[in-house]
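Participant: I'd like to ask some things about the structure below.
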Amino acid sequence: MVAINKDKEAILTQELLKERLHYDKDTGIFTWLDIKANGSRRGKVAGNTNKVTGYSIIGFTISEKPYQFRAHRLAWLYEYGEFPSTQLDHINHVRTDNRITNLRMVTPLENTRNSSRMSNNTTGYTGVCFEKSRNRYRAYVYLNKKFNHLGYFKNIEDAAKAAREGREHYGFHVNHGQTND
């Protein structure tokens with residue numbers, strides 16, 4: 001099966017990928033099978049981590065043109081014979097963990113429902129904030145670009161429980177709001 005990258009220029013097949021790279025589905029690591037002109041590369045770990053996005057990127061040449069691919073998308077091609085038709089979610093939120101068991105094909109909405117805790121979170125609980133004017137913790141679920149209020153609570157644990165139950169009710173992934181530490 002043939003798949004085309006985002007630029008619609010590079011054509012990459014599962015067969016060509018398997019000629020050039022070995023993928024260990026238990027570790028999520030790609031290693032080189034082919035050899036460069038200077039004899040280097042065979043057996044070495046392929047790719048690097050993009051400092052901006054945090055994803056593993058693997059670059060190689062196809063028809064004398066250089067291309068870069070996200071490793072998790074290559075893992076999907078390697079295992080299933082085609083690029084994913086939608087987004088891939090790293091279930092545990094670790095963008096360099098490309099084990100096939102850590103990847104799932106999802107819609108953009110499903111992908112947002114398995115996000116890491118926001119960096120500006122001050123309570124340590126997703127869906128919980130402290131409202132000084134009420135001297136209470138507020139529980140909420142952010143859904144359809146709206147904050148859906150779930151209640152005010154005297155203690156943070158009750159607010160966190162309400163937020164967790166709200167996310168469960170609305171179909172969020174169980175890992176939503178966790179950190180990737």
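FYI, nothing fancy with the structure tokens labels: chains A, B, ... in order, residues from 1 per chain, ligands from 1 as they appear.
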Which of stretch 57-139 of chain A counts as helix (DSSP H, G or I) under DSSP, as a ChimeraX atom specification please?

Facilitator: /A:71-80,100-102,108-112

Participant: How about saving the chosen residues, N, CA and C atoms kept, as a short mmCIF file (atom, residue, chain, number, x, y, z; two decimals), in the first residue's frame?

Facilitator:
```cif
data_model
loop_
_atom_site.label_atom_id
_atom_site.label_comp_id
_atom_site.auth_asym_id
_atom_site.auth_seq_id
_atom_site.Cartn_x
_atom_site.Cartn_y
_atom_site.Cartn_z
N ALA A 71 8.19 9.73 13.68
CA ALA A 71 8.43 8.30 13.92
C ALA A 71 7.15 7.55 14.27
N HIS A 72 6.23 8.17 14.99
CA HIS A 72 5.00 7.46 15.35
C HIS A 72 4.16 7.15 14.11
N ARG A 73 4.21 8.01 13.12
CA ARG A 73 3.47 7.74 11.88
C ARG A 73 4.16 6.63 11.08
N LEU A 74 5.51 6.60 11.15
CA LEU A 74 6.24 5.51 10.49
C LEU A 74 5.96 4.18 11.18
N ALA A 75 5.83 4.20 12.50
CA ALA A 75 5.52 2.97 13.24
C ALA A 75 4.19 2.40 12.77
N TRP A 76 3.23 3.29 12.57
CA TRP A 76 1.92 2.84 12.10
C TRP A 76 2.02 2.24 10.70
N LEU A 77 2.75 2.91 9.80
CA LEU A 77 2.97 2.39 8.46
C LEU A 77 3.68 1.04 8.51
N TYR A 78 4.70 0.94 9.34
CA TYR A 78 5.49 -0.29 9.46
C TYR A 78 4.61 -1.46 9.89
N GLU A 79 3.75 -1.23 10.87
CA GLU A 79 2.92 -2.30 11.43
C GLU A 79 1.67 -2.60 10.61
N TYR A 80 1.03 -1.56 10.06
CA TYR A 80 -0.28 -1.75 9.43
C TYR A 80 -0.31 -1.54 7.93
N ILE A 100 3.95 0.51 19.49
CA ILE A 100 2.67 0.43 18.80
C ILE A 100 1.52 0.31 19.80
N THR A 101 1.77 -0.28 20.97
CA THR A 101 0.72 -0.39 21.99
C THR A 101 0.43 0.95 22.65
N ASN A 102 1.28 1.96 22.45
CA ASN A 102 1.07 3.28 23.02
C ASN A 102 0.43 4.24 22.00
N PRO A 108 -9.47 14.36 15.93
CA PRO A 108 -8.92 15.50 16.68
C PRO A 108 -9.61 15.70 18.04
N LEU A 109 -10.93 15.52 18.09
CA LEU A 109 -11.64 15.67 19.36
C LEU A 109 -11.18 14.63 20.38
N GLU A 110 -11.06 13.38 19.95
CA GLU A 110 -10.59 12.33 20.86
C GLU A 110 -9.17 12.63 21.35
N ASN A 111 -8.36 13.20 20.46
CA ASN A 111 -6.98 13.52 20.84
C ASN A 111 -6.95 14.59 21.93
N THR A 112 -7.83 15.57 21.85
CA THR A 112 -7.87 16.61 22.88
C THR A 112 -8.39 16.05 24.21
#
```

Participant: Using only C-alpha atoms, which residues sit within 12 Å of A:Trp32 once same-chain residues fewer than 4 positions away are excluded, as a ChimeraX atom specification?

Facilitator: /A:17-24,36,39-47,58-60

Participant: Could you name the residues that touch A:Arg113 at 12 Å or less, counting only C-alpha atoms, but leaving out those on the same chain fewer than 2 positions away, as a short mmCIF file (atom, residue, chain, number, x, y, z; two decimals) with all heavy atoms, in the first residue's frame?

Facilitator:
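Heads up, here's the output in part.cif:
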```
data_model
loop_
_atom_site.label_atom_id
_atom_site.label_comp_id
_atom_site.auth_asym_id
_atom_site.auth_seq_id
_atom_site.Cartn_x
_atom_site.Cartn_y
_atom_site.Cartn_z
N ASP A 89 -2.61 9.27 18.69
CA ASP A 89 -2.50 9.70 20.07
C ASP A 89 -1.45 8.86 20.77
O ASP A 89 -1.46 7.63 20.65
CB ASP A 89 -3.86 9.53 20.76
CG ASP A 89 -3.84 9.89 22.23
OD1 ASP A 89 -3.09 10.81 22.61
OD2 ASP A 89 -4.59 9.25 22.99
N HIS A 90 -0.53 9.52 21.47
CA HIS A 90 0.39 8.81 22.36
C HIS A 90 -0.37 8.65 23.67
O HIS A 90 -0.54 9.63 24.41
CB HIS A 90 1.67 9.61 22.56
CG HIS A 90 2.57 9.59 21.37
ND1 HIS A 90 2.42 10.45 20.30
CD2 HIS A 90 3.64 8.82 21.09
CE1 HIS A 90 3.36 10.20 19.41
NE2 HIS A 90 4.12 9.22 19.86
N ILE A 91 -0.83 7.47 23.96
CA ILE A 91 -1.72 7.23 25.09
C ILE A 91 -1.13 7.73 26.40
O ILE A 91 -1.83 8.34 27.21
CB ILE A 91 -2.08 5.73 25.17
CG1 ILE A 91 -2.85 5.32 23.91
CG2 ILE A 91 -2.88 5.42 26.43
CD1 ILE A 91 -3.00 3.82 23.72
N HIS A 93 1.09 10.08 26.78
CA HIS A 93 1.49 11.48 26.62
C HIS A 93 2.97 11.68 26.33
O HIS A 93 3.41 12.82 26.22
CB HIS A 93 1.10 12.34 27.83
CG HIS A 93 -0.34 12.27 28.19
ND1 HIS A 93 -0.81 12.75 29.39
CD2 HIS A 93 -1.42 11.80 27.54
CE1 HIS A 93 -2.10 12.55 29.46
NE2 HIS A 93 -2.49 11.97 28.35
N VAL A 106 -7.03 8.35 16.32
CA VAL A 106 -8.13 9.09 16.94
C VAL A 106 -8.54 10.28 16.08
O VAL A 106 -7.79 10.73 15.23
CB VAL A 106 -7.75 9.61 18.35
CG1 VAL A 106 -7.51 8.47 19.32
CG2 VAL A 106 -6.53 10.52 18.28
N THR A 107 -9.72 10.76 16.35
CA THR A 107 -10.16 12.02 15.75
C THR A 107 -9.50 13.17 16.50
O THR A 107 -9.02 12.97 17.63
CB THR A 107 -11.69 12.17 15.84
OG1 THR A 107 -12.05 12.30 17.22
CG2 THR A 107 -12.41 11.00 15.19
N PRO A 108 -9.47 14.36 15.93
CA PRO A 108 -8.92 15.50 16.68
C PRO A 108 -9.61 15.70 18.04
O PRO A 108 -8.95 16.01 19.02
CB PRO A 108 -9.14 16.68 15.74
CG PRO A 108 -9.11 16.07 14.37
CD PRO A 108 -9.78 14.73 14.55
N LEU A 109 -10.93 15.52 18.09
CA LEU A 109 -11.64 15.67 19.36
C LEU A 109 -11.18 14.63 20.38
O LEU A 109 -10.92 14.96 21.54
CB LEU A 109 -13.15 15.55 19.14
CG LEU A 109 -14.01 15.61 20.41
CD1 LEU A 109 -13.83 16.95 21.10
CD2 LEU A 109 -15.46 15.36 20.08
N GLU A 110 -11.06 13.38 19.95
CA GLU A 110 -10.59 12.33 20.86
C GLU A 110 -9.17 12.63 21.35
O GLU A 110 -8.84 12.37 22.50
CB GLU A 110 -10.62 10.97 20.18
CG GLU A 110 -12.00 10.43 19.92
CD GLU A 110 -12.00 9.21 19.03
OE1 GLU A 110 -11.22 9.17 18.05
OE2 GLU A 110 -12.79 8.29 19.30
N ASN A 111 -8.36 13.20 20.46
CA ASN A 111 -6.98 13.52 20.84
C ASN A 111 -6.95 14.59 21.93
O ASN A 111 -6.15 14.51 22.86
CB ASN A 111 -6.18 13.97 19.62
CG ASN A 111 -4.72 13.68 19.75
OD1 ASN A 111 -4.26 13.05 20.70
ND2 ASN A 111 -3.95 14.13 18.78
N SER A 115 -5.21 14.80 26.83
CA SER A 115 -4.14 15.80 26.90
C SER A 115 -3.46 15.75 28.26
O SER A 115 -4.07 15.37 29.25
CB SER A 115 -4.70 17.21 26.68
OG SER A 115 -5.36 17.29 25.46
N SER A 116 -2.22 16.19 28.29
CA SER A 116 -1.50 16.31 29.56
C SER A 116 -2.06 17.48 30.36
O SER A 116 -2.70 18.37 29.81
CB SER A 116 -0.01 16.56 29.31
OG SER A 116 0.57 15.47 28.66
N ARG A 117 -1.79 17.46 31.64
CA ARG A 117 -2.19 18.58 32.49
C ARG A 117 -1.53 19.85 31.98
O ARG A 117 -0.36 19.85 31.60
CB ARG A 117 -1.78 18.32 33.93
CG ARG A 117 -2.29 19.39 34.88
CD ARG A 117 -1.96 19.14 36.34
NE ARG A 117 -2.01 17.73 36.69
CZ ARG A 117 -1.13 17.14 37.49
NH1 ARG A 117 -0.16 17.82 38.03
NH2 ARG A 117 -1.24 15.86 37.77
N THR A 126 -6.53 18.41 37.20
CA THR A 126 -7.17 18.89 35.99
C THR A 126 -8.65 19.12 36.27
O THR A 126 -9.31 18.29 36.87
CB THR A 126 -6.99 17.87 34.86
OG1 THR A 126 -5.60 17.75 34.60
CG2 THR A 126 -7.70 18.30 33.59
N VAL A 141 -15.44 20.87 33.59
CA VAL A 141 -14.95 20.14 32.43
C VAL A 141 -14.96 21.12 31.27
O VAL A 141 -15.97 21.79 31.03
CB VAL A 141 -15.83 18.92 32.11
CG1 VAL A 141 -15.41 18.27 30.80
CG2 VAL A 141 -15.79 17.90 33.23
N TYR A 142 -13.85 21.22 30.58
CA TYR A 142 -13.78 22.09 29.40
C TYR A 142 -14.25 21.27 28.21
O TYR A 142 -13.61 20.29 27.82
CB TYR A 142 -12.35 22.61 29.19
CG TYR A 142 -12.26 23.68 28.13
CD1 TYR A 142 -12.73 24.95 28.38
CD2 TYR A 142 -11.70 23.40 26.90
CE1 TYR A 142 -12.65 25.94 27.41
CE2 TYR A 142 -11.60 24.37 25.93
CZ TYR A 142 -12.09 25.65 26.18
OH TYR A 142 -12.01 26.61 25.23
N LEU A 143 -15.38 21.66 27.65
CA LEU A 143 -16.02 20.87 26.60
C LEU A 143 -16.65 21.81 25.59
O LEU A 143 -17.35 22.76 25.97
CB LEU A 143 -17.08 19.99 27.26
CG LEU A 143 -17.78 18.95 26.44
CD1 LEU A 143 -16.80 17.86 26.01
CD2 LEU A 143 -18.90 18.31 27.26
N ASN A 144 -16.41 21.55 24.31
CA ASN A 144 -16.97 22.36 23.23
C ASN A 144 -16.67 23.85 23.41
O ASN A 144 -17.54 24.70 23.27
CB ASN A 144 -18.48 22.13 23.10
CG ASN A 144 -18.82 20.69 22.80
OD1 ASN A 144 -18.08 20.01 22.09
ND2 ASN A 144 -19.90 20.21 23.36
N ARG A 167 -15.28 14.19 33.56
CA ARG A 167 -14.52 13.78 32.37
C ARG A 167 -14.94 12.38 31.93
O ARG A 167 -15.09 12.11 30.74
CB ARG A 167 -13.02 13.83 32.64
CG ARG A 167 -12.47 15.23 32.76
CD ARG A 167 -10.95 15.26 32.78
NE ARG A 167 -10.35 14.42 33.80
CZ ARG A 167 -10.11 14.81 35.06
NH1 ARG A 167 -10.45 16.03 35.45
NH2 ARG A 167 -9.55 14.00 35.93
N GLU A 168 -15.13 11.50 32.89
CA GLU A 168 -15.57 10.14 32.58
C GLU A 168 -16.94 10.18 31.90
O GLU A 168 -17.17 9.50 30.90
CB GLU A 168 -15.64 9.33 33.88
CG GLU A 168 -15.88 7.86 33.68
CD GLU A 168 -15.85 7.13 35.02
OE1 GLU A 168 -14.82 7.21 35.71
OE2 GLU A 168 -16.87 6.49 35.36
N TYR A 170 -18.28 12.53 30.14
CA TYR A 170 -18.21 13.11 28.80
C TYR A 170 -17.27 12.37 27.86
O TYR A 170 -17.00 12.82 26.75
CB TYR A 170 -17.82 14.59 28.88
CG TYR A 170 -18.93 15.46 29.42
CD1 TYR A 170 -18.83 16.04 30.67
CD2 TYR A 170 -20.09 15.67 28.68
CE1 TYR A 170 -19.85 16.84 31.18
CE2 TYR A 170 -21.12 16.46 29.17
CZ TYR A 170 -20.99 17.04 30.42
OH TYR A 170 -22.00 17.82 30.91
N GLY A 171 -16.75 11.23 28.26
CA GLY A 171 -15.97 10.39 27.37
C GLY A 171 -14.51 10.75 27.20
O GLY A 171 -13.90 10.42 26.18
N PHE A 172 -13.93 11.39 28.19
CA PHE A 172 -12.50 11.68 28.13
C PHE A 172 -11.70 10.41 28.41
O PHE A 172 -12.18 9.51 29.11
CB PHE A 172 -12.13 12.75 29.18
CG PHE A 172 -12.51 14.15 28.78
CD1 PHE A 172 -13.84 14.53 28.71
CD2 PHE A 172 -11.53 15.08 28.49
CE1 PHE A 172 -14.19 15.82 28.34
CE2 PHE A 172 -11.88 16.38 28.13
CZ PHE A 172 -13.22 16.74 28.05
N HIS A 173 -10.50 10.34 27.87
CA HIS A 173 -9.62 9.19 28.12
C HIS A 173 -9.21 9.21 29.59
O HIS A 173 -9.05 10.27 30.19
CB HIS A 173 -8.39 9.27 27.22
CG HIS A 173 -7.59 8.01 27.22
ND1 HIS A 173 -6.64 7.73 28.18
CD2 HIS A 173 -7.59 6.95 26.38
CE1 HIS A 173 -6.10 6.56 27.92
NE2 HIS A 173 -6.65 6.07 26.83
N VAL A 174 -9.03 8.05 30.16
CA VAL A 174 -8.66 7.94 31.58
C VAL A 174 -7.35 8.66 31.90
O VAL A 174 -7.15 9.13 33.01
CB VAL A 174 -8.63 6.46 32.02
CG1 VAL A 174 -7.49 5.71 31.34
CG2 VAL A 174 -8.54 6.34 33.52
N ASN A 175 -6.45 8.80 30.92
CA ASN A 175 -5.17 9.48 31.13
C ASN A 175 -5.25 10.99 30.99
O ASN A 175 -4.27 11.68 31.23
CB ASN A 175 -4.11 8.97 30.14
CG ASN A 175 -3.63 7.58 30.47
OD1 ASN A 175 -3.93 7.05 31.51
ND2 ASN A 175 -2.92 6.99 29.54
N HIS A 176 -6.39 11.52 30.61
CA HIS A 176 -6.50 12.97 30.39
C HIS A 176 -6.15 13.72 31.67
O HIS A 176 -6.63 13.41 32.74
CB HIS A 176 -7.92 13.35 29.95
CG HIS A 176 -8.09 14.81 29.69
ND1 HIS A 176 -7.65 15.39 28.53
CD2 HIS A 176 -8.59 15.80 30.44
CE1 HIS A 176 -7.90 16.68 28.59
NE2 HIS A 176 -8.47 16.96 29.74
N GLY A 177 -5.28 14.71 31.52
CA GLY A 177 -4.90 15.54 32.66
C GLY A 177 -3.74 15.02 33.47
O GLY A 177 -3.26 15.69 34.38
N GLN A 178 -3.24 13.84 33.11
CA GLN A 178 -2.07 13.33 33.82
C GLN A 178 -0.82 13.95 33.22
O GLN A 178 -0.84 14.44 32.08
CB GLN A 178 -2.01 11.81 33.72
CG GLN A 178 -3.14 11.12 34.45
CD GLN A 178 -3.02 9.60 34.38
OE1 GLN A 178 -2.10 9.05 33.82
NE2 GLN A 178 -4.01 8.94 34.96
#
```

Participant: Could you pull out the strand (DSSP E) residues of stretch 3-178 of chain A, going by DSSP on the backbone, and write them as a ChimeraX atom specification?

Facilitator: /A:3-4,11-13,21-24,29-32,48-49,56-62,65-70,87-90,103-106,128-131,136-143,146-153

Participant: For each of A:Tyr55, A:Asp34, A:Ser133, A:Arg164, take the minimum atom-to-atom distance to A:Asp97, counting only C-alpha atoms, then give the residue where this is smallest.

Facilitator: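 The answer is A:Tyr55, which sits nearest to A:Asp97.
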
Participant: Find the spatial neighbours of A:Arg136, counting only C-alpha atoms, within a cut-off of 10 Å - ignore same-chain residues fewer than 2 positions away - and output them as a PDB file with all heavy atoms, in the first residue's frame.

Facilitator:
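Here's the written file part-v4.pdb:
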```pdb
ATOM      1  N   CYS A 129     -10.014  24.541  40.013  1.00  0.00           N
ATOM      2  CA  CYS A 129      -9.361  25.814  40.294  1.00  0.00           C
ATOM      3  C   CYS A 129      -9.908  26.349  41.618  1.00  0.00           C
ATOM      4  O   CYS A 129     -10.966  25.906  42.089  1.00  0.00           O
ATOM      5  CB  CYS A 129      -9.573  26.823  39.168  1.00  0.00           C
ATOM      6  SG  CYS A 129     -11.290  27.286  38.909  1.00  0.00           S
ATOM      7  N   PHE A 130      -9.167  27.248  42.215  1.00  0.00           N
ATOM      8  CA  PHE A 130      -9.604  27.835  43.481  1.00  0.00           C
ATOM      9  C   PHE A 130     -10.182  29.208  43.206  1.00  0.00           C
ATOM     10  O   PHE A 130      -9.554  30.034  42.547  1.00  0.00           O
ATOM     11  CB  PHE A 130      -8.452  27.944  44.474  1.00  0.00           C
ATOM     12  CG  PHE A 130      -8.877  28.426  45.824  1.00  0.00           C
ATOM     13  CD1 PHE A 130      -9.586  27.588  46.675  1.00  0.00           C
ATOM     14  CD2 PHE A 130      -8.601  29.725  46.230  1.00  0.00           C
ATOM     15  CE1 PHE A 130      -9.997  28.032  47.922  1.00  0.00           C
ATOM     16  CE2 PHE A 130      -9.002  30.177  47.476  1.00  0.00           C
ATOM     17  CZ  PHE A 130      -9.705  29.325  48.328  1.00  0.00           C
ATOM     18  N   GLU A 131     -11.389  29.452  43.686  1.00  0.00           N
ATOM     19  CA  GLU A 131     -12.025  30.757  43.529  1.00  0.00           C
ATOM     20  C   GLU A 131     -11.991  31.476  44.868  1.00  0.00           C
ATOM     21  O   GLU A 131     -12.711  31.110  45.804  1.00  0.00           O
ATOM     22  CB  GLU A 131     -13.448  30.600  43.010  1.00  0.00           C
ATOM     23  CG  GLU A 131     -13.465  30.072  41.596  1.00  0.00           C
ATOM     24  CD  GLU A 131     -14.675  30.505  40.798  1.00  0.00           C
ATOM     25  OE1 GLU A 131     -15.501  31.283  41.316  1.00  0.00           O
ATOM     26  OE2 GLU A 131     -14.777  30.049  39.652  1.00  0.00           O
ATOM     27  N   LYS A 132     -11.134  32.486  44.934  1.00  0.00           N
ATOM     28  CA  LYS A 132     -10.932  33.233  46.176  1.00  0.00           C
ATOM     29  C   LYS A 132     -12.221  33.881  46.676  1.00  0.00           C
ATOM     30  O   LYS A 132     -12.495  33.886  47.866  1.00  0.00           O
ATOM     31  CB  LYS A 132      -9.865  34.312  45.987  1.00  0.00           C
ATOM     32  CG  LYS A 132      -8.470  33.790  45.867  1.00  0.00           C
ATOM     33  CD  LYS A 132      -7.483  34.934  45.698  1.00  0.00           C
ATOM     34  CE  LYS A 132      -6.094  34.408  45.445  1.00  0.00           C
ATOM     35  NZ  LYS A 132      -5.133  35.495  45.251  1.00  0.00           N
ATOM     36  N   SER A 133     -13.016  34.443  45.772  1.00  0.00           N
ATOM     37  CA  SER A 133     -14.225  35.167  46.176  1.00  0.00           C
ATOM     38  C   SER A 133     -15.215  34.262  46.913  1.00  0.00           C
ATOM     39  O   SER A 133     -15.989  34.724  47.750  1.00  0.00           O
ATOM     40  CB  SER A 133     -14.902  35.794  44.967  1.00  0.00           C
ATOM     41  OG  SER A 133     -15.322  34.791  44.063  1.00  0.00           O
ATOM     42  N   ARG A 134     -15.199  32.981  46.618  1.00  0.00           N
ATOM     43  CA  ARG A 134     -16.096  32.029  47.275  1.00  0.00           C
ATOM     44  C   ARG A 134     -15.385  31.192  48.335  1.00  0.00           C
ATOM     45  O   ARG A 134     -16.023  30.434  49.043  1.00  0.00           O
ATOM     46  CB  ARG A 134     -16.724  31.097  46.245  1.00  0.00           C
ATOM     47  CG  ARG A 134     -17.628  31.801  45.258  1.00  0.00           C
ATOM     48  CD  ARG A 134     -18.168  30.788  44.255  1.00  0.00           C
ATOM     49  NE  ARG A 134     -18.960  31.432  43.237  1.00  0.00           N
ATOM     50  CZ  ARG A 134     -20.279  31.518  43.271  1.00  0.00           C
ATOM     51  NH1 ARG A 134     -20.955  30.999  44.261  1.00  0.00           N
ATOM     52  NH2 ARG A 134     -20.921  32.113  42.281  1.00  0.00           N
ATOM     53  N   ARG A 138     -13.488  25.048  42.619  1.00  0.00           N
ATOM     54  CA  ARG A 138     -14.480  24.878  41.560  1.00  0.00           C
ATOM     55  C   ARG A 138     -14.070  23.708  40.677  1.00  0.00           C
ATOM     56  O   ARG A 138     -12.917  23.629  40.241  1.00  0.00           O
ATOM     57  CB  ARG A 138     -14.576  26.149  40.721  1.00  0.00           C
ATOM     58  CG  ARG A 138     -15.551  26.041  39.578  1.00  0.00           C
ATOM     59  CD  ARG A 138     -15.656  27.366  38.826  1.00  0.00           C
ATOM     60  NE  ARG A 138     -16.557  27.198  37.709  1.00  0.00           N
ATOM     61  CZ  ARG A 138     -16.270  27.536  36.467  1.00  0.00           C
ATOM     62  NH1 ARG A 138     -15.123  28.094  36.185  1.00  0.00           N
ATOM     63  NH2 ARG A 138     -17.138  27.337  35.505  1.00  0.00           N
ATOM     64  N   ALA A 139     -15.007  22.817  40.399  1.00  0.00           N
ATOM     65  CA  ALA A 139     -14.768  21.702  39.480  1.00  0.00           C
ATOM     66  C   ALA A 139     -15.451  22.018  38.154  1.00  0.00           C
ATOM     67  O   ALA A 139     -16.560  22.565  38.143  1.00  0.00           O
ATOM     68  CB  ALA A 139     -15.315  20.409  40.061  1.00  0.00           C
ATOM     69  N   GLY A 151     -19.572  22.293  40.069  1.00  0.00           N
ATOM     70  CA  GLY A 151     -19.869  22.575  41.464  1.00  0.00           C
ATOM     71  C   GLY A 151     -18.706  23.211  42.199  1.00  0.00           C
ATOM     72  O   GLY A 151     -17.577  23.247  41.714  1.00  0.00           O
ATOM     73  N   TYR A 152     -19.035  23.730  43.416  1.00  0.00           N
ATOM     74  CA  TYR A 152     -18.045  24.300  44.325  1.00  0.00           C
ATOM     75  C   TYR A 152     -17.877  23.361  45.512  1.00  0.00           C
ATOM     76  O   TYR A 152     -18.856  22.768  45.982  1.00  0.00           O
ATOM     77  CB  TYR A 152     -18.498  25.677  44.821  1.00  0.00           C
ATOM     78  CG  TYR A 152     -18.507  26.718  43.734  1.00  0.00           C
ATOM     79  CD1 TYR A 152     -19.693  27.124  43.154  1.00  0.00           C
ATOM     80  CD2 TYR A 152     -17.317  27.297  43.297  1.00  0.00           C
ATOM     81  CE1 TYR A 152     -19.705  28.095  42.159  1.00  0.00           C
ATOM     82  CE2 TYR A 152     -17.320  28.261  42.305  1.00  0.00           C
ATOM     83  CZ  TYR A 152     -18.516  28.658  41.739  1.00  0.00           C
ATOM     84  OH  TYR A 152     -18.518  29.611  40.751  1.00  0.00           O
ATOM     85  N   PHE A 153     -16.641  23.259  45.995  1.00  0.00           N
ATOM     86  CA  PHE A 153     -16.340  22.306  47.057  1.00  0.00           C
ATOM     87  C   PHE A 153     -15.410  22.929  48.088  1.00  0.00           C
ATOM     88  O   PHE A 153     -14.537  23.714  47.742  1.00  0.00           O
ATOM     89  CB  PHE A 153     -15.693  21.044  46.461  1.00  0.00           C
ATOM     90  CG  PHE A 153     -16.571  20.376  45.443  1.00  0.00           C
ATOM     91  CD1 PHE A 153     -16.524  20.749  44.106  1.00  0.00           C
ATOM     92  CD2 PHE A 153     -17.462  19.381  45.826  1.00  0.00           C
ATOM     93  CE1 PHE A 153     -17.343  20.154  43.163  1.00  0.00           C
ATOM     94  CE2 PHE A 153     -18.285  18.778  44.889  1.00  0.00           C
ATOM     95  CZ  PHE A 153     -18.229  19.159  43.551  1.00  0.00           C
ATOM     96  N   LYS A 154     -15.609  22.532  49.333  1.00  0.00           N
ATOM     97  CA  LYS A 154     -14.765  23.046  50.409  1.00  0.00           C
ATOM     98  C   LYS A 154     -13.354  22.475  50.330  1.00  0.00           C
ATOM     99  O   LYS A 154     -12.385  23.146  50.642  1.00  0.00           O
ATOM    100  CB  LYS A 154     -15.371  22.723  51.782  1.00  0.00           C
ATOM    101  CG  LYS A 154     -16.557  23.554  52.130  1.00  0.00           C
ATOM    102  CD  LYS A 154     -17.026  23.229  53.525  1.00  0.00           C
ATOM    103  CE  LYS A 154     -18.236  24.092  53.879  1.00  0.00           C
ATOM    104  NZ  LYS A 154     -18.719  23.813  55.230  1.00  0.00           N
ATOM    105  N   ASN A 155     -13.242  21.193  49.936  1.00  0.00           N
ATOM    106  CA  ASN A 155     -11.895  20.612  49.862  1.00  0.00           C
ATOM    107  C   ASN A 155     -11.561  20.179  48.438  1.00  0.00           C
ATOM    108  O   ASN A 155     -12.440  19.836  47.645  1.00  0.00           O
ATOM    109  CB  ASN A 155     -11.694  19.486  50.889  1.00  0.00           C
ATOM    110  CG  ASN A 155     -12.516  18.261  50.589  1.00  0.00           C
ATOM    111  OD1 ASN A 155     -12.353  17.667  49.536  1.00  0.00           O
ATOM    112  ND2 ASN A 155     -13.394  17.874  51.510  1.00  0.00           N
ATOM    113  N   ILE A 156     -10.296  20.204  48.183  1.00  0.00           N
ATOM    114  CA  ILE A 156      -9.797  19.960  46.823  1.00  0.00           C
ATOM    115  C   ILE A 156     -10.054  18.528  46.352  1.00  0.00           C
ATOM    116  O   ILE A 156     -10.299  18.296  45.175  1.00  0.00           O
ATOM    117  CB  ILE A 156      -8.294  20.347  46.733  1.00  0.00           C
ATOM    118  CG1 ILE A 156      -7.864  20.478  45.275  1.00  0.00           C
ATOM    119  CG2 ILE A 156      -7.427  19.365  47.506  1.00  0.00           C
ATOM    120  CD1 ILE A 156      -6.511  21.119  45.098  1.00  0.00           C
ATOM    121  N   ALA A 159     -13.508  18.254  44.869  1.00  0.00           N
ATOM    122  CA  ALA A 159     -13.544  18.922  43.570  1.00  0.00           C
ATOM    123  C   ALA A 159     -12.852  18.061  42.510  1.00  0.00           C
ATOM    124  O   ALA A 159     -13.344  17.928  41.386  1.00  0.00           O
ATOM    125  CB  ALA A 159     -12.880  20.288  43.662  1.00  0.00           C
TER     126      ALA A 159
END
```

Participant: Extract, using only C-alpha atoms, all DNA, RNA and protein residues at most 9 Å from A:Gly54, discarding same-chain residues fewer than 6 positions from it, and format them as a ChimeraX atom specification.

Facilitator: /A:94-96

Participant: With only C-alpha atoms as the atoms that count, which of A:Thr31, A:Asn92, A:Asn148, A:Thr61 lies nearest to A:Asn48?

Facilitator: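 Distance minimum relative to A:Asn48 lands on A:Thr31.
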